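Engineer: Let me begin by handing over the structure; questions about it come next.
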Amino acid sequence: MSVAERSVRVMNALHLEPWSDADLKILYRQNTPEMTEHLGGPEAEHAVIGRHHRYLHFKKGEMLTVRLGDVPIGSIGYWEREWNGEDVYETGYSILPEFGGKGYAAEALRLVAKRAATRGTRRYLHAFPHVDHTASNAVSRKAGFELAGTASFEYPRGVWLPSNDWRLDLSALGG
């Protein structure tokens, strides 16, 4: 089997599942200085638990577990928001470090974009990685997003960060 054929087989094993009670452990694994460097740093335990409960009861979008076969390797989601006077979806994603650099994040982002397009209530899906977050910006580019500009973006609440505004036209996906 060629390297390309193995790559296709691995990507076919990558899938998204709705967030569940069992996924709290993913949030704990993601709550490290390394993984939150561009997100304001690790959260207190009560904040992680609160995030988990919000993910379980998400209403204006979806929070999902990224799985490689049966192994949870990260999280991804999309939600409704207003951006520059337009109703759009925003996305956020996080892949555990040991699975980074293999194309999983970009594939998960393509899969979540298809889900958002199917929902069909917004034309654009935006990602707002910090301008210095090289890996996240590369994921957006590899997933087919276009760089729409830069913005001062609030995350976490009360913290304004310089971010890139990556945008994907969901209507091109059949949304």
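Residue names in the structure tokens use chain letters A, B, ... in the order shown, residue numbers from 1 in each chain, and ligand numbers from 1 in the order shown.
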Per residue of stretch 64-104 of chain A within 12 Å of stretch 153-165 of chain A, what are the shortest atom pair and its distance in Å to one decimal, counting only C-alpha atoms, with rows by chain and residue number, as a Markdown table?

Structural biologist:
```
| residue | atom | partner | partner_atom | distance |
| --- | --- | --- | --- | --- |
| A:Trp83 | CA | A:Asp165 | CA | 10.3 |
| A:Asn84 | CA | A:Asp165 | CA | 11.2 |
| A:Glu90 | CA | A:Asp165 | CA | 10.1 |
| A:Thr91 | CA | A:Asp165 | CA | 11.1 |
| A:Gly92 | CA | A:Tyr155 | CA | 11.4 |
```

Engineer: Keeping only N, CA and C atoms, take the residues you just selected and write them out as a PDB file, in the first residue's frame.

Structural biologist:
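Wrote selection05.pdb, looks like this:
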```pdb
ATOM      1  N   TRP A  83     -21.052  38.959  12.961  1.00  0.00           N
ATOM      2  CA  TRP A  83     -19.702  39.458  12.706  1.00  0.00           C
ATOM      3  C   TRP A  83     -19.781  40.520  11.620  1.00  0.00           C
ATOM      4  N   ASN A  84     -19.352  41.722  11.965  1.00  0.00           N
ATOM      5  CA  ASN A  84     -19.364  42.846  11.025  1.00  0.00           C
ATOM      6  C   ASN A  84     -20.743  43.036  10.387  1.00  0.00           C
ATOM      7  N   GLU A  90     -19.097  30.778  13.561  1.00  0.00           N
ATOM      8  CA  GLU A  90     -17.701  30.807  13.980  1.00  0.00           C
ATOM      9  C   GLU A  90     -17.310  29.374  14.303  1.00  0.00           C
ATOM     10  N   THR A  91     -16.048  29.032  14.127  1.00  0.00           N
ATOM     11  CA  THR A  91     -15.571  27.707  14.476  1.00  0.00           C
ATOM     12  C   THR A  91     -14.358  27.809  15.376  1.00  0.00           C
ATOM     13  N   GLY A  92     -14.164  26.778  16.161  1.00  0.00           N
ATOM     14  CA  GLY A  92     -12.979  26.630  16.990  1.00  0.00           C
ATOM     15  C   GLY A  92     -12.621  25.160  17.030  1.00  0.00           C
TER      16      GLY A  92
END
```

Engineer: Go through stretch 48-103 of chain A residue by residue and, counting only C-alpha atoms, keep those with an atom at most 12 Å from stretch 13-25 of chain A; for each kept residue give the shortest atom pair and its distance in Å to one decimal, ordered by chain and increasing number, as JSON lines.

Structural biologist:
```
{"residue": "A:Val48", "atom": "CA", "partner": "A:Leu24", "partner_atom": "CA", "distance": 8.2}
{"residue": "A:Ile49", "atom": "CA", "partner": "A:Leu24", "partner_atom": "CA", "distance": 7.5}
{"residue": "A:Gly50", "atom": "CA", "partner": "A:Leu24", "partner_atom": "CA", "distance": 10.2}
{"residue": "A:Arg51", "atom": "CA", "partner": "A:Leu24", "partner_atom": "CA", "distance": 9.0}
{"residue": "A:His52", "atom": "CA", "partner": "A:Leu24", "partner_atom": "CA", "distance": 6.0}
{"residue": "A:His53", "atom": "CA", "partner": "A:Asp21", "partner_atom": "CA", "distance": 8.6}
{"residue": "A:Arg54", "atom": "CA", "partner": "A:Trp19", "partner_atom": "CA", "distance": 10.1}
{"residue": "A:Tyr55", "atom": "CA", "partner": "A:Trp19", "partner_atom": "CA", "distance": 6.6}
{"residue": "A:Leu56", "atom": "CA", "partner": "A:Trp19", "partner_atom": "CA", "distance": 6.0}
{"residue": "A:His57", "atom": "CA", "partner": "A:Trp19", "partner_atom": "CA", "distance": 9.1}
{"residue": "A:Phe58", "atom": "CA", "partner": "A:Trp19", "partner_atom": "CA", "distance": 9.2}
{"residue": "A:Gly61", "atom": "CA", "partner": "A:Pro18", "partner_atom": "CA", "distance": 11.0}
{"residue": "A:Glu62", "atom": "CA", "partner": "A:Pro18", "partner_atom": "CA", "distance": 7.4}
{"residue": "A:Met63", "atom": "CA", "partner": "A:Trp19", "partner_atom": "CA", "distance": 5.7}
{"residue": "A:Leu64", "atom": "CA", "partner": "A:Pro18", "partner_atom": "CA", "distance": 4.5}
{"residue": "A:Thr65", "atom": "CA", "partner": "A:Glu17", "partner_atom": "CA", "distance": 5.2}
{"residue": "A:Val66", "atom": "CA", "partner": "A:Leu16", "partner_atom": "CA", "distance": 4.8}
{"residue": "A:Arg67", "atom": "CA", "partner": "A:His15", "partner_atom": "CA", "distance": 5.4}
{"residue": "A:Leu68", "atom": "CA", "partner": "A:Leu14", "partner_atom": "CA", "distance": 4.4}
{"residue": "A:Gly69", "atom": "CA", "partner": "A:Ala13", "partner_atom": "CA", "distance": 5.1}
{"residue": "A:Asp70", "atom": "CA", "partner": "A:Ala13", "partner_atom": "CA", "distance": 8.8}
{"residue": "A:Val71", "atom": "CA", "partner": "A:Leu14", "partner_atom": "CA", "distance": 9.4}
{"residue": "A:Pro72", "atom": "CA", "partner": "A:Asp23", "partner_atom": "CA", "distance": 8.1}
{"residue": "A:Ile73", "atom": "CA", "partner": "A:Leu14", "partner_atom": "CA", "distance": 9.4}
{"residue": "A:Gly74", "atom": "CA", "partner": "A:Asp23", "partner_atom": "CA", "distance": 9.3}
{"residue": "A:Ser75", "atom": "CA", "partner": "A:Trp19", "partner_atom": "CA", "distance": 8.5}
{"residue": "A:Ile76", "atom": "CA", "partner": "A:Leu16", "partner_atom": "CA", "distance": 8.3}
{"residue": "A:Gly77", "atom": "CA", "partner": "A:Trp19", "partner_atom": "CA", "distance": 9.5}
{"residue": "A:Tyr78", "atom": "CA", "partner": "A:Pro18", "partner_atom": "CA", "distance": 12.0}
{"residue": "A:Tyr93", "atom": "CA", "partner": "A:Leu16", "partner_atom": "CA", "distance": 11.8}
{"residue": "A:Leu96", "atom": "CA", "partner": "A:Lys25", "partner_atom": "CA", "distance": 11.7}
{"residue": "A:Phe99", "atom": "CA", "partner": "A:Leu14", "partner_atom": "CA", "distance": 11.6}
{"residue": "A:Lys102", "atom": "CA", "partner": "A:Leu14", "partner_atom": "CA", "distance": 11.6}
{"residue": "A:Gly103", "atom": "CA", "partner": "A:Leu14", "partner_atom": "CA", "distance": 10.4}
```

Engineer: Output as a ChimeraX atom specification all residues of stretch 30-133 of chain A that backbone DSSP marks as helix (DSSP H, G or I).

Structural biologist: /A:30,33-36,45-56,97-99,104-119

Engineer: Store the residues of this selection in a file with N, CA, C and O atoms, as a short mmCIF file (atom, residue, chain, number, x, y, z; two decimals), in the first residue's frame.

Structural biologist:
```
data_model
loop_
_atom_site.label_atom_id
_atom_site.label_comp_id
_atom_site.auth_asym_id
_atom_site.auth_seq_id
_atom_site.Cartn_x
_atom_site.Cartn_y
_atom_site.Cartn_z
N GLN A 30 -6.71 19.20 27.05
CA GLN A 30 -6.45 20.40 26.27
C GLN A 30 -6.12 21.60 27.15
O GLN A 30 -5.63 22.60 26.65
N PRO A 33 -0.73 24.69 29.43
CA PRO A 33 -0.10 25.92 28.92
C PRO A 33 0.23 25.82 27.43
O PRO A 33 0.02 26.77 26.68
N GLU A 34 0.71 24.66 26.98
CA GLU A 34 1.06 24.46 25.57
C GLU A 34 -0.15 24.65 24.67
O GLU A 34 -0.08 25.32 23.64
N MET A 35 -1.29 24.05 25.04
CA MET A 35 -2.46 24.07 24.18
C MET A 35 -3.27 25.35 24.30
O MET A 35 -4.10 25.63 23.44
N THR A 36 -3.08 26.12 25.36
CA THR A 36 -3.87 27.34 25.57
C THR A 36 -3.03 28.60 25.44
O THR A 36 -3.50 29.68 25.79
N GLU A 45 -10.41 24.71 37.18
CA GLU A 45 -11.21 23.50 37.04
C GLU A 45 -12.69 23.80 36.89
O GLU A 45 -13.37 23.20 36.05
N HIS A 46 -13.22 24.74 37.68
CA HIS A 46 -14.66 25.04 37.57
C HIS A 46 -15.00 25.58 36.18
O HIS A 46 -16.08 25.34 35.67
N ALA A 47 -14.06 26.29 35.53
CA ALA A 47 -14.31 26.80 34.18
C ALA A 47 -14.31 25.66 33.16
O ALA A 47 -15.11 25.67 32.21
N VAL A 48 -13.44 24.68 33.34
CA VAL A 48 -13.41 23.52 32.44
C VAL A 48 -14.72 22.75 32.55
O VAL A 48 -15.33 22.38 31.54
N ILE A 49 -15.18 22.54 33.77
CA ILE A 49 -16.44 21.82 33.98
C ILE A 49 -17.62 22.62 33.40
O ILE A 49 -18.51 22.06 32.76
N GLY A 50 -17.60 23.94 33.59
CA GLY A 50 -18.64 24.77 33.00
C GLY A 50 -18.65 24.70 31.48
O GLY A 50 -19.71 24.63 30.85
N ARG A 51 -17.45 24.70 30.88
CA ARG A 51 -17.33 24.58 29.42
C ARG A 51 -17.94 23.25 28.96
O ARG A 51 -18.69 23.18 28.00
N HIS A 52 -17.61 22.18 29.67
CA HIS A 52 -18.13 20.85 29.34
C HIS A 52 -19.67 20.86 29.36
O HIS A 52 -20.30 20.36 28.43
N HIS A 53 -20.26 21.45 30.39
CA HIS A 53 -21.72 21.51 30.47
C HIS A 53 -22.32 22.34 29.35
O HIS A 53 -23.36 21.98 28.79
N ARG A 54 -21.66 23.45 28.98
CA ARG A 54 -22.14 24.25 27.84
C ARG A 54 -22.08 23.42 26.56
O ARG A 54 -22.99 23.48 25.73
N TYR A 55 -21.00 22.67 26.36
CA TYR A 55 -20.86 21.84 25.17
C TYR A 55 -21.96 20.77 25.11
O TYR A 55 -22.47 20.46 24.04
N LEU A 56 -22.30 20.21 26.26
CA LEU A 56 -23.35 19.19 26.29
C LEU A 56 -24.72 19.74 25.91
O LEU A 56 -25.56 19.01 25.38
N PRO A 97 -1.71 17.43 21.10
CA PRO A 97 -0.37 17.58 20.50
C PRO A 97 0.19 16.33 19.83
O PRO A 97 0.81 16.42 18.77
N GLU A 98 -0.04 15.17 20.40
CA GLU A 98 0.53 13.95 19.81
C GLU A 98 -0.09 13.60 18.47
O GLU A 98 0.43 12.77 17.73
N PHE A 99 -1.19 14.26 18.12
CA PHE A 99 -1.84 14.04 16.83
C PHE A 99 -1.66 15.22 15.87
O PHE A 99 -2.21 15.22 14.77
N TYR A 104 -4.95 16.16 10.56
CA TYR A 104 -6.24 15.85 11.18
C TYR A 104 -7.07 17.09 11.45
O TYR A 104 -8.29 17.07 11.28
N ALA A 105 -6.44 18.16 11.89
CA ALA A 105 -7.19 19.39 12.19
C ALA A 105 -7.84 19.95 10.92
O ALA A 105 -9.01 20.34 10.94
N ALA A 106 -7.10 20.00 9.83
CA ALA A 106 -7.66 20.52 8.57
C ALA A 106 -8.80 19.64 8.08
O ALA A 106 -9.84 20.14 7.62
N GLU A 107 -8.65 18.32 8.21
CA GLU A 107 -9.73 17.42 7.79
C GLU A 107 -10.95 17.59 8.69
O GLU A 107 -12.08 17.62 8.21
N ALA A 108 -10.74 17.72 10.00
CA ALA A 108 -11.86 17.94 10.93
C ALA A 108 -12.56 19.25 10.60
O ALA A 108 -13.78 19.34 10.65
N LEU A 109 -11.80 20.27 10.22
CA LEU A 109 -12.38 21.56 9.87
C LEU A 109 -13.20 21.45 8.58
O LEU A 109 -14.30 22.01 8.49
N ARG A 110 -12.74 20.66 7.62
CA ARG A 110 -13.54 20.43 6.41
C ARG A 110 -14.83 19.69 6.76
O ARG A 110 -15.90 20.01 6.24
N LEU A 111 -14.75 18.71 7.66
CA LEU A 111 -15.94 17.96 8.06
C LEU A 111 -16.94 18.84 8.80
O LEU A 111 -18.15 18.75 8.56
N VAL A 112 -16.46 19.70 9.69
CA VAL A 112 -17.39 20.57 10.42
C VAL A 112 -18.00 21.60 9.48
O VAL A 112 -19.16 21.98 9.65
N ALA A 113 -17.25 22.05 8.49
CA ALA A 113 -17.80 23.00 7.51
C ALA A 113 -18.95 22.35 6.74
O ALA A 113 -19.98 22.99 6.49
N LYS A 114 -18.80 21.08 6.39
CA LYS A 114 -19.89 20.37 5.70
C LYS A 114 -21.13 20.28 6.59
O LYS A 114 -22.25 20.44 6.11
N ARG A 115 -20.92 20.03 7.88
CA ARG A 115 -22.06 19.96 8.81
C ARG A 115 -22.75 21.32 8.90
O ARG A 115 -23.97 21.40 8.89
N ALA A 116 -21.95 22.39 9.00
CA ALA A 116 -22.52 23.74 9.09
C ALA A 116 -23.26 24.08 7.80
O ALA A 116 -24.34 24.68 7.83
N ALA A 117 -22.70 23.69 6.66
CA ALA A 117 -23.36 23.96 5.38
C ALA A 117 -24.70 23.23 5.29
O ALA A 117 -25.68 23.78 4.79
N THR A 118 -24.74 22.02 5.80
CA THR A 118 -25.97 21.24 5.80
C THR A 118 -27.04 21.90 6.65
O THR A 118 -28.22 21.89 6.30
N ARG A 119 -26.62 22.50 7.76
CA ARG A 119 -27.58 23.20 8.62
C ARG A 119 -28.20 24.37 7.86
O ARG A 119 -29.38 24.67 8.03
#
```

Engineer: Between A:Ala135, A:Thr121, A:Trp79, A:Ala151, which has the minimum distance to A:Gly100 (counting only C-alpha atoms)?

Structural biologist: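 Of A:Ala135, A:Thr121, A:Trp79, A:Ala151, the one nearest A:Gly100, counting only C-alpha atoms, is A:Ala135.
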
Engineer: Can you pull out every residue from chain A that DSSP, working from the backbone, puts in strand (DSSP E or B), and format the result as JSON, numbers by chain?

Structural biologist: {"A": [14, 15, 16, 17, 18, 61, 62, 63, 64, 65, 66, 67, 68, 71, 72, 73, 74, 75, 76, 77, 78, 79, 80, 81, 82, 83, 86, 87, 88, 89, 90, 91, 92, 93, 94, 95, 124, 125, 126, 127, 130, 146, 147, 148, 149, 150, 151, 152, 153, 154, 160, 161, 162, 163, 164, 165, 166, 167, 168, 169]}

Engineer: Set the distance at 7 Å and use only C-alpha atoms: which residues neighbour A:Arg123 once local chain neighbours fewer than 3 positions away are removed? I'd like the list as a PDB file with C-alpha atoms, in the first residue's frame.

Structural biologist:
```pdb
ATOM      1  CA  VAL A  88     -22.237  33.901  10.374  1.00  0.00           C
ATOM      2  CA  ASP A 169     -18.154  30.304   1.849  1.00  0.00           C
ATOM      3  CA  LEU A 170     -20.480  27.478   2.867  1.00  0.00           C
ATOM      4  CA  SER A 171     -22.685  27.987  -0.186  1.00  0.00           C
TER       5      SER A 171
END
```
